[in-house]
Amino acid sequence: MISNAVDDLRDLRYALEVARCGSFSGAAACLSVSPGAVSKAVARLERNLGVPLFFRNSRTVRLSERGQELVSELSGVFEGIDRSIGRLRDARDEPAGLVRVSTFTTFGRTRLIPLLPRFFERFPQISLSLTFHDGQPGLTRHAFDVRITWGERLDSDKVAHVLCDLPIVLVASPAYLAQHSAIRSPTDLQNHACVLVELASGVHPRWTFRRRAGAGEDAGPELVSFSPKGHLTVAGELQMIADAARHGIGPTLIEEVIVADDVREGRLVRLLPDYHVEMGDKLQRQAVMQFRRDRRLSRAARSFVDFLTAHAPHFQPE
């Protein structure tokens with residue numbers, strides 16, 4: 001009986017990790033086991049329960065209705081177990097343990113990854129499980145210790161800390177500009193098929209252009225705000241917005257750091273530099289770190305949060 005109980009707990013842990021990561025291979029990497037071991041554990045659990053927990057094909061994995069119920073009920077249980085184990089480990093002098101972090105891709109690539117050597121040098125006993133996302137991270141958003149987001153609603157049970165602003169620019173390819181009418185003012189964009197973005201919240205943000213101080217009136221109107229139109233909407237992968245613009249599908253708004261090399265090397269042209277560009281509300285133009293409140297945060301996770309908070313001033317654009 002004890003052996004069966006241990007096996008059931010392990011299989012449940014594996015299933016919850018698949019839900020968190022959104023894939024069997026991702027769960028296997030986080031658990032340091034083979035994808036086959038995860039697949040067998042989930043299949044065994046489904047067989048024992050008599051209901052499917054996941055629907056899967058060659059490309060995607062998604063929770064069934066019963067699977068969603070199971071994840072909702074048990075995520076908190078395993079989080080409690082992890083916290084208890086974490087508190088025992090925290091009794092040691094050095095912060096130690098695993099911190100699960102979810103971040104949108106561009107922040108991870110351009111800001112977080114370059115900092116990690118310093119973090120691991122400072123905290124050699126802490127390990128990170130890092131998941132990248134531009135939309136919803138995996139099948140459940142509540143299984144991470146720390147989430148770094150943009151354009152998403154804030155969780156009411158989490159602390160939210162703004163890490164930096166995300167400058168947005170308007171770009172288009174030279175080929176597109178050669179074949180279409182000129183874009184000299186924000187109002188001209190209403191005659192173009194733009195590349196649009198759907199935020200993780202499901203919102204299609206308005207585009208707002210505010211003329212910069214010092215720009216002459218001949219630059220165009222002081223304020224223009226509208227809902228753009230276009231043939232292509234990209235959701236869940238911000239780099240694809242840049243790819244679409246580079247291939248001449250249309251002008252688009254995108255985080256400046258994503259297209260800096262393209263603009264510098266002439267693959268894209270930055271447009272309307274006399275305007276400050278806004279996409280949606282302020283939350284959709286900031287990198288926000290969300291984490292559990294102090295009583296639920298492990299010492300290792302608190303060390304990671306404090307480290308990022310201390311380095312936040314360096315994330316701000318110059």
# chains A, B, ... in the order shown; residues from 1 in each chain; ligands from 1
>>> residues_around(residues="Val277 of chain A", least_positions_apart="4", cutoff="9 Å", atoms="only C-alpha atoms", output="PDB file with N, CA and C atoms, in the first residue's frame")
ATOM      1  N   PRO A 167      10.391  50.251 -24.336  1.00  0.00           N
ATOM      2  CA  PRO A 167      10.186  51.196 -25.433  1.00  0.00           C
ATOM      3  C   PRO A 167       9.662  50.493 -26.689  1.00  0.00           C
ATOM      4  N   ILE A 168       8.634  51.079 -27.280  1.00  0.00           N
ATOM      5  CA  ILE A 168       8.001  50.532 -28.486  1.00  0.00           C
ATOM      6  C   ILE A 168       8.335  51.437 -29.672  1.00  0.00           C
ATOM      7  N   VAL A 169       8.617  50.836 -30.824  1.00  0.00           N
ATOM      8  CA  VAL A 169       8.907  51.614 -32.027  1.00  0.00           C
ATOM      9  C   VAL A 169       8.052  51.104 -33.185  1.00  0.00           C
ATOM     10  N   LEU A 170       7.888  51.975 -34.170  1.00  0.00           N
ATOM     11  CA  LEU A 170       7.176  51.632 -35.401  1.00  0.00           C
ATOM     12  C   LEU A 170       8.207  51.327 -36.477  1.00  0.00           C
ATOM     13  N   TRP A 207      -3.190  51.729 -30.873  1.00  0.00           N
ATOM     14  CA  TRP A 207      -1.896  52.367 -31.112  1.00  0.00           C
ATOM     15  C   TRP A 207      -2.045  53.852 -30.825  1.00  0.00           C
ATOM     16  N   THR A 208      -1.148  54.385 -29.999  1.00  0.00           N
ATOM     17  CA  THR A 208      -1.198  55.800 -29.641  1.00  0.00           C
ATOM     18  C   THR A 208       0.154  56.444 -29.924  1.00  0.00           C
ATOM     19  N   PHE A 209       0.117  57.584 -30.569  1.00  0.00           N
ATOM     20  CA  PHE A 209       1.333  58.324 -30.921  1.00  0.00           C
ATOM     21  C   PHE A 209       1.249  59.722 -30.305  1.00  0.00           C
ATOM     22  N   ARG A 210       2.247  60.063 -29.480  1.00  0.00           N
ATOM     23  CA  ARG A 210       2.334  61.403 -28.885  1.00  0.00           C
ATOM     24  C   ARG A 210       3.570  62.108 -29.429  1.00  0.00           C
ATOM     25  N   ARG A 211       3.366  63.269 -29.993  1.00  0.00           N
ATOM     26  CA  ARG A 211       4.491  64.001 -30.572  1.00  0.00           C
ATOM     27  C   ARG A 211       5.469  64.396 -29.471  1.00  0.00           C
ATOM     28  N   LEU A 253       4.177  47.778 -34.632  1.00  0.00           N
ATOM     29  CA  LEU A 253       4.773  48.245 -33.391  1.00  0.00           C
ATOM     30  C   LEU A 253       5.408  47.062 -32.690  1.00  0.00           C
TER      31      LEU A 253
END
>>> residues_around(residues="segment 178-183 of chain A", least_positions_apart="2", cutoff="12 Å", atoms="only C-alpha atoms", output="ChimeraX atom specification")
/A:170-176,185-194,219-220,248-251,269-273
>>> write_last_selection(atoms="C-alpha atoms", output="compact mmCIF listing (two decimals), in the first residue's frame")
# COMPACT_ATOMS: atom_id res chain seq x y z
CA LEU A 170 7.18 51.63 -35.40
CA VAL A 171 9.03 49.77 -38.15
CA ALA A 172 8.53 48.49 -41.70
CA SER A 173 10.75 46.86 -44.30
CA PRO A 174 12.41 48.87 -47.10
CA ALA A 175 10.61 46.68 -49.66
CA TYR A 176 7.22 47.46 -48.14
CA SER A 185 2.26 60.97 -39.96
CA PRO A 186 0.46 58.54 -37.63
CA THR A 187 -2.76 59.26 -39.52
CA ASP A 188 -1.20 57.72 -42.65
CA LEU A 189 -1.15 54.31 -40.92
CA GLN A 190 -4.91 54.08 -41.19
CA ASN A 191 -4.41 53.54 -44.93
CA HIS A 192 -2.03 50.61 -44.40
CA ALA A 193 -2.53 46.92 -43.51
CA CYS A 194 -0.45 46.64 -40.34
CA ALA A 219 5.81 66.47 -37.88
CA GLY A 220 2.06 65.90 -37.59
CA GLY A 248 7.18 43.09 -46.03
CA ILE A 249 3.74 42.17 -44.70
CA GLY A 250 3.23 45.62 -43.21
CA PRO A 251 4.32 48.19 -40.61
CA VAL A 269 13.33 51.11 -41.09
CA ARG A 270 12.23 52.95 -37.97
CA LEU A 271 9.35 55.28 -38.77
CA LEU A 272 7.97 58.45 -37.14
CA PRO A 273 10.92 59.05 -34.77
>>> select_by_dssp(residues="segment 163-246 of chain A", states="helix (DSSP H, G or I)", output="list in words")
Pro174, Ala175, Tyr176, Leu177, Ala178, Gln179, Pro186, Thr187, Asp188, Leu189, Gln190, Asn191, Glu217, Asp218, Ala219, Gln239, Met240, Ile241, Ala242, Asp243, Ala244, Ala245 and Arg246 of chain A
>>> closest_atom_pairs(of="segment 257-315 of chain A", to="segment 147-160 of chain A", cutoff="7 Å", atoms="only C-alpha atoms", output="tab-separated table")
residue	atom	partner	partner_atom	distance
A:Leu283	CA	A:Gly151	CA	5.8
A:Gln284	CA	A:Gly151	CA	3.9
A:Arg285	CA	A:Trp150	CA	6.8
A:Gln286	CA	A:Trp150	CA	5.9
A:Ala287	CA	A:Trp150	CA	5.2
A:Val288	CA	A:Thr149	CA	5.3
A:Met289	CA	A:Ile148	CA	4.4
A:Gln290	CA	A:Ala160	CA	4.5
A:Phe291	CA	A:Lys158	CA	5.3
A:Arg292	CA	A:Lys158	CA	4.9
A:Arg293	CA	A:Val159	CA	6.0
>>> write_last_selection(atoms="N, CA and C atoms", output="PDB file, in the first residue's frame")
ATOM      1  N   LEU A 283       0.502  49.099 -18.377  1.00  0.00           N
ATOM      2  CA  LEU A 283       0.859  47.730 -18.026  1.00  0.00           C
ATOM      3  C   LEU A 283       1.394  46.966 -19.229  1.00  0.00           C
ATOM      4  N   GLN A 284       0.944  47.349 -20.416  1.00  0.00           N
ATOM      5  CA  GLN A 284       1.351  46.657 -21.640  1.00  0.00           C
ATOM      6  C   GLN A 284       2.663  47.201 -22.197  1.00  0.00           C
ATOM      7  N   ARG A 285       3.281  48.139 -21.470  1.00  0.00           N
ATOM      8  CA  ARG A 285       4.570  48.685 -21.899  1.00  0.00           C
ATOM      9  C   ARG A 285       5.618  48.561 -20.801  1.00  0.00           C
ATOM     10  N   GLN A 286       5.383  47.634 -19.853  1.00  0.00           N
ATOM     11  CA  GLN A 286       6.314  47.448 -18.754  1.00  0.00           C
ATOM     12  C   GLN A 286       6.571  45.963 -18.505  1.00  0.00           C
ATOM     13  N   ALA A 287       7.782  45.670 -18.060  1.00  0.00           N
ATOM     14  CA  ALA A 287       8.096  44.329 -17.578  1.00  0.00           C
ATOM     15  C   ALA A 287       7.777  44.297 -16.088  1.00  0.00           C
ATOM     16  N   VAL A 288       6.895  43.378 -15.698  1.00  0.00           N
ATOM     17  CA  VAL A 288       6.418  43.314 -14.312  1.00  0.00           C
ATOM     18  C   VAL A 288       6.805  41.965 -13.713  1.00  0.00           C
ATOM     19  N   MET A 289       7.425  41.988 -12.547  1.00  0.00           N
ATOM     20  CA  MET A 289       7.759  40.762 -11.824  1.00  0.00           C
ATOM     21  C   MET A 289       6.672  40.505 -10.787  1.00  0.00           C
ATOM     22  N   GLN A 290       6.078  39.313 -10.849  1.00  0.00           N
ATOM     23  CA  GLN A 290       5.071  38.914  -9.873  1.00  0.00           C
ATOM     24  C   GLN A 290       5.587  37.721  -9.071  1.00  0.00           C
ATOM     25  N   PHE A 291       5.325  37.751  -7.768  1.00  0.00           N
ATOM     26  CA  PHE A 291       5.802  36.664  -6.916  1.00  0.00           C
ATOM     27  C   PHE A 291       4.897  36.544  -5.702  1.00  0.00           C
ATOM     28  N   ARG A 292       5.015  35.416  -5.021  1.00  0.00           N
ATOM     29  CA  ARG A 292       4.185  35.147  -3.857  1.00  0.00           C
ATOM     30  C   ARG A 292       4.497  36.102  -2.724  1.00  0.00           C
ATOM     31  N   ARG A 293       3.516  36.279  -1.866  1.00  0.00           N
ATOM     32  CA  ARG A 293       3.734  37.138  -0.708  1.00  0.00           C
ATOM     33  C   ARG A 293       4.719  36.473   0.257  1.00  0.00           C
TER      34      ARG A 293
END
>>> atom_distance(atom1="atom CA of Leu116 of chain A", atom2="atom CA of His133 of chain A")
18.2 Å
>>> select_by_dssp(residues="segment 89-263 of chain A", states="strand (DSSP E or B)", output="JSON, numbers by chain")
{"A": [97, 98, 99, 100, 101, 102, 103, 104, 126, 127, 128, 129, 130, 131, 132, 133, 146, 147, 148, 149, 158, 159, 160, 161, 162, 163, 164, 165, 168, 169, 170, 171, 172, 195, 196, 197, 198, 207, 208, 209, 210, 211, 223, 224, 225, 226, 232, 233, 234, 235, 252, 253, 254, 255]}
>>> write_last_selection(atoms="N, CA and C atoms", output="compact mmCIF listing (two decimals), in the first residue's frame")
# COMPACT_ATOMS: atom_id res chain seq x y z
N GLY A 97 18.03 25.59 -3.12
CA GLY A 97 16.81 24.98 -3.63
C GLY A 97 16.49 25.45 -5.03
N LEU A 98 15.36 24.98 -5.53
CA LEU A 98 14.91 25.27 -6.89
C LEU A 98 13.93 26.43 -6.90
N VAL A 99 14.14 27.37 -7.81
CA VAL A 99 13.21 28.48 -8.03
C VAL A 99 12.66 28.36 -9.45
N ARG A 100 11.34 28.27 -9.57
CA ARG A 100 10.70 28.17 -10.89
C ARG A 100 10.34 29.56 -11.38
N VAL A 101 10.91 29.93 -12.52
CA VAL A 101 10.76 31.28 -13.06
C VAL A 101 10.17 31.20 -14.46
N SER A 102 9.20 32.05 -14.72
CA SER A 102 8.62 32.18 -16.06
C SER A 102 8.83 33.62 -16.52
N THR A 103 9.34 33.80 -17.74
CA THR A 103 9.60 35.14 -18.26
C THR A 103 9.26 35.22 -19.73
N PHE A 104 8.83 36.40 -20.17
CA PHE A 104 8.61 36.54 -21.61
C PHE A 104 9.97 36.57 -22.31
N ILE A 126 21.53 27.70 -5.30
CA ILE A 126 20.19 27.89 -5.89
C ILE A 126 20.21 27.44 -7.34
N SER A 127 19.17 26.70 -7.73
CA SER A 127 18.98 26.30 -9.13
C SER A 127 17.73 26.98 -9.67
N LEU A 128 17.74 27.30 -10.95
CA LEU A 128 16.58 27.92 -11.59
C LEU A 128 16.00 26.98 -12.64
N SER A 129 14.68 26.88 -12.66
CA SER A 129 13.96 26.25 -13.77
C SER A 129 13.30 27.39 -14.53
N LEU A 130 13.80 27.68 -15.74
CA LEU A 130 13.42 28.88 -16.48
C LEU A 130 12.54 28.50 -17.67
N THR A 131 11.33 29.04 -17.70
CA THR A 131 10.38 28.81 -18.80
C THR A 131 10.16 30.12 -19.54
N PHE A 132 10.28 30.07 -20.86
CA PHE A 132 10.07 31.26 -21.68
C PHE A 132 8.67 31.23 -22.28
N HIS A 133 8.05 32.40 -22.34
CA HIS A 133 6.71 32.50 -22.93
C HIS A 133 6.53 33.91 -23.47
N VAL A 146 8.19 32.82 -9.47
CA VAL A 146 8.34 34.19 -9.98
C VAL A 146 7.92 34.21 -11.44
N ARG A 147 7.11 35.19 -11.82
CA ARG A 147 6.71 35.36 -13.21
C ARG A 147 7.05 36.78 -13.65
N ILE A 148 7.68 36.91 -14.82
CA ILE A 148 8.00 38.21 -15.40
C ILE A 148 7.15 38.34 -16.65
N THR A 149 6.27 39.31 -16.68
CA THR A 149 5.24 39.39 -17.72
C THR A 149 5.19 40.78 -18.34
N LYS A 158 -0.64 37.96 -5.68
CA LYS A 158 0.80 38.11 -5.86
C LYS A 158 1.23 39.56 -5.60
N VAL A 159 2.50 39.71 -5.26
CA VAL A 159 3.13 41.03 -5.23
C VAL A 159 3.61 41.35 -6.63
N ALA A 160 3.39 42.58 -7.09
CA ALA A 160 3.82 42.99 -8.43
C ALA A 160 4.85 44.10 -8.30
N HIS A 161 5.97 43.95 -9.02
CA HIS A 161 7.05 44.93 -8.99
C HIS A 161 7.47 45.25 -10.42
N VAL A 162 7.40 46.52 -10.81
CA VAL A 162 7.80 46.93 -12.15
C VAL A 162 9.31 46.91 -12.26
N LEU A 163 9.83 46.16 -13.25
CA LEU A 163 11.28 46.08 -13.44
C LEU A 163 11.79 47.15 -14.40
N CYS A 164 11.06 47.40 -15.47
CA CYS A 164 11.52 48.40 -16.44
C CYS A 164 10.42 48.72 -17.44
N ASP A 165 10.59 49.83 -18.13
CA ASP A 165 9.73 50.17 -19.26
C ASP A 165 10.22 49.43 -20.50
N ILE A 168 8.63 51.08 -27.28
CA ILE A 168 8.00 50.53 -28.49
C ILE A 168 8.34 51.44 -29.67
N VAL A 169 8.62 50.84 -30.82
CA VAL A 169 8.91 51.61 -32.03
C VAL A 169 8.05 51.10 -33.18
N LEU A 170 7.89 51.98 -34.17
CA LEU A 170 7.18 51.63 -35.40
C LEU A 170 8.21 51.33 -36.48
N VAL A 171 8.08 50.16 -37.12
CA VAL A 171 9.03 49.77 -38.15
C VAL A 171 8.31 49.17 -39.35
N ALA A 172 8.99 49.17 -40.49
CA ALA A 172 8.53 48.49 -41.70
C ALA A 172 9.76 48.16 -42.53
N VAL A 195 0.80 44.88 -39.25
CA VAL A 195 0.96 43.60 -38.54
C VAL A 195 0.54 43.86 -37.10
N LEU A 196 -0.46 43.12 -36.63
CA LEU A 196 -1.08 43.39 -35.34
C LEU A 196 -0.59 42.37 -34.30
N VAL A 197 -0.78 42.70 -33.02
CA VAL A 197 -0.38 41.80 -31.94
C VAL A 197 -1.58 41.58 -31.03
N GLU A 198 -1.72 40.35 -30.58
CA GLU A 198 -2.69 40.02 -29.54
C GLU A 198 -1.92 39.74 -28.26
N TRP A 207 -3.19 51.73 -30.87
CA TRP A 207 -1.90 52.37 -31.11
C TRP A 207 -2.05 53.85 -30.82
N THR A 208 -1.15 54.39 -30.00
CA THR A 208 -1.20 55.80 -29.64
C THR A 208 0.15 56.44 -29.92
N PHE A 209 0.12 57.58 -30.57
CA PHE A 209 1.33 58.32 -30.92
C PHE A 209 1.25 59.72 -30.31
N ARG A 210 2.25 60.06 -29.48
CA ARG A 210 2.33 61.40 -28.88
C ARG A 210 3.57 62.11 -29.43
N ARG A 211 3.37 63.27 -29.99
CA ARG A 211 4.49 64.00 -30.57
C ARG A 211 5.47 64.40 -29.47
N LEU A 223 -1.40 64.34 -30.96
CA LEU A 223 -1.84 63.06 -30.42
C LEU A 223 -2.74 62.34 -31.43
N VAL A 224 -2.41 61.08 -31.69
CA VAL A 224 -3.23 60.24 -32.55
C VAL A 224 -3.38 58.88 -31.87
N SER A 225 -4.62 58.40 -31.77
CA SER A 225 -4.87 57.10 -31.16
C SER A 225 -5.96 56.39 -31.97
N PHE A 226 -5.70 55.13 -32.35
CA PHE A 226 -6.65 54.39 -33.16
C PHE A 226 -6.43 52.90 -33.02
N LEU A 232 -2.80 40.31 -40.72
CA LEU A 232 -2.10 39.34 -39.88
C LEU A 232 -2.07 39.81 -38.43
N THR A 233 -2.50 38.92 -37.52
CA THR A 233 -2.39 39.15 -36.08
C THR A 233 -1.50 38.06 -35.49
N VAL A 234 -0.51 38.46 -34.72
CA VAL A 234 0.44 37.52 -34.11
C VAL A 234 0.18 37.46 -32.62
N ALA A 235 0.07 36.25 -32.09
CA ALA A 235 -0.12 36.04 -30.65
C ALA A 235 0.87 34.98 -30.17
N THR A 252 4.57 47.71 -38.24
CA THR A 252 4.14 47.16 -36.96
C THR A 252 4.78 47.90 -35.81
N LEU A 253 4.18 47.78 -34.63
CA LEU A 253 4.77 48.24 -33.39
C LEU A 253 5.41 47.06 -32.69
N ILE A 254 6.61 47.28 -32.14
CA ILE A 254 7.32 46.18 -31.51
C ILE A 254 8.33 46.75 -30.52
N GLU A 255 8.71 45.95 -29.52
CA GLU A 255 9.69 46.40 -28.54
C GLU A 255 11.01 46.70 -29.25
>>> closest_residue(among="A:Ser227, A:His276, A:Ser84, A:Arg296", to="Gly214 of chain A", atoms="only C-alpha atoms")
A:His276
>>> closest_residue(among="A:Ala300, A:Leu45, A:Leu112, A:Leu308", to="Glu94 of chain A", atoms="only C-alpha atoms")
A:Ala300
>>> decode(residues="segment 68-117 of chain A", atoms="C-alpha atoms", output="CSV table (one decimal), in the first residue's frame")
chain,number,residue,atom,x,y,z
A,68,GLN,CA,-8.1,21.0,-15.1
A,69,GLU,CA,-10.0,20.0,-12.0
A,70,LEU,CA,-7.2,17.9,-10.8
A,71,VAL,CA,-4.6,20.6,-11.4
A,72,SER,CA,-6.7,23.2,-9.7
A,73,GLU,CA,-7.2,21.0,-6.6
A,74,LEU,CA,-3.7,19.6,-6.2
A,75,SER,CA,-1.4,22.4,-7.3
A,76,GLY,CA,-1.8,24.0,-3.9
A,77,VAL,CA,-1.2,20.7,-2.1
A,78,PHE,CA,2.1,20.2,-3.8
A,79,GLU,CA,3.1,23.8,-3.4
A,80,GLY,CA,2.5,23.3,0.4
A,81,ILE,CA,4.8,20.3,0.4
A,82,ASP,CA,7.4,22.2,-1.5
A,83,ARG,CA,7.2,25.1,0.9
A,84,SER,CA,7.6,22.8,3.9
A,85,ILE,CA,10.6,21.2,2.4
A,86,GLY,CA,11.9,24.6,1.4
A,87,ARG,CA,11.6,25.9,5.0
A,88,LEU,CA,13.6,22.9,6.2
A,89,ARG,CA,16.3,23.6,3.7
A,90,ASP,CA,16.2,27.3,4.5
A,91,ALA,CA,17.3,26.5,8.0
A,92,ARG,CA,20.8,26.2,6.5
A,93,ASP,CA,22.9,29.4,6.3
A,94,GLU,CA,23.1,29.6,2.5
A,95,PRO,CA,19.9,30.0,0.5
A,96,ALA,CA,19.4,26.8,-1.5
A,97,GLY,CA,16.8,25.0,-3.6
A,98,LEU,CA,14.9,25.3,-6.9
A,99,VAL,CA,13.2,28.5,-8.0
A,100,ARG,CA,10.7,28.2,-10.9
A,101,VAL,CA,10.8,31.3,-13.1
A,102,SER,CA,8.6,32.2,-16.1
A,103,THR,CA,9.6,35.1,-18.3
A,104,PHE,CA,8.6,36.5,-21.6
A,105,THR,CA,11.2,35.7,-24.2
A,106,THR,CA,12.8,39.1,-25.0
A,107,PHE,CA,13.3,40.0,-21.3
A,108,GLY,CA,14.8,36.6,-20.7
A,109,ARG,CA,17.2,36.8,-23.7
A,110,THR,CA,18.3,40.4,-23.4
A,111,ARG,CA,18.1,41.1,-19.7
A,112,LEU,CA,17.8,38.0,-17.5
A,113,ILE,CA,20.2,35.5,-19.1
A,114,PRO,CA,23.2,38.0,-19.1
A,115,LEU,CA,22.7,38.4,-15.3
A,116,LEU,CA,22.6,34.8,-14.4
A,117,PRO,CA,26.4,34.2,-14.1
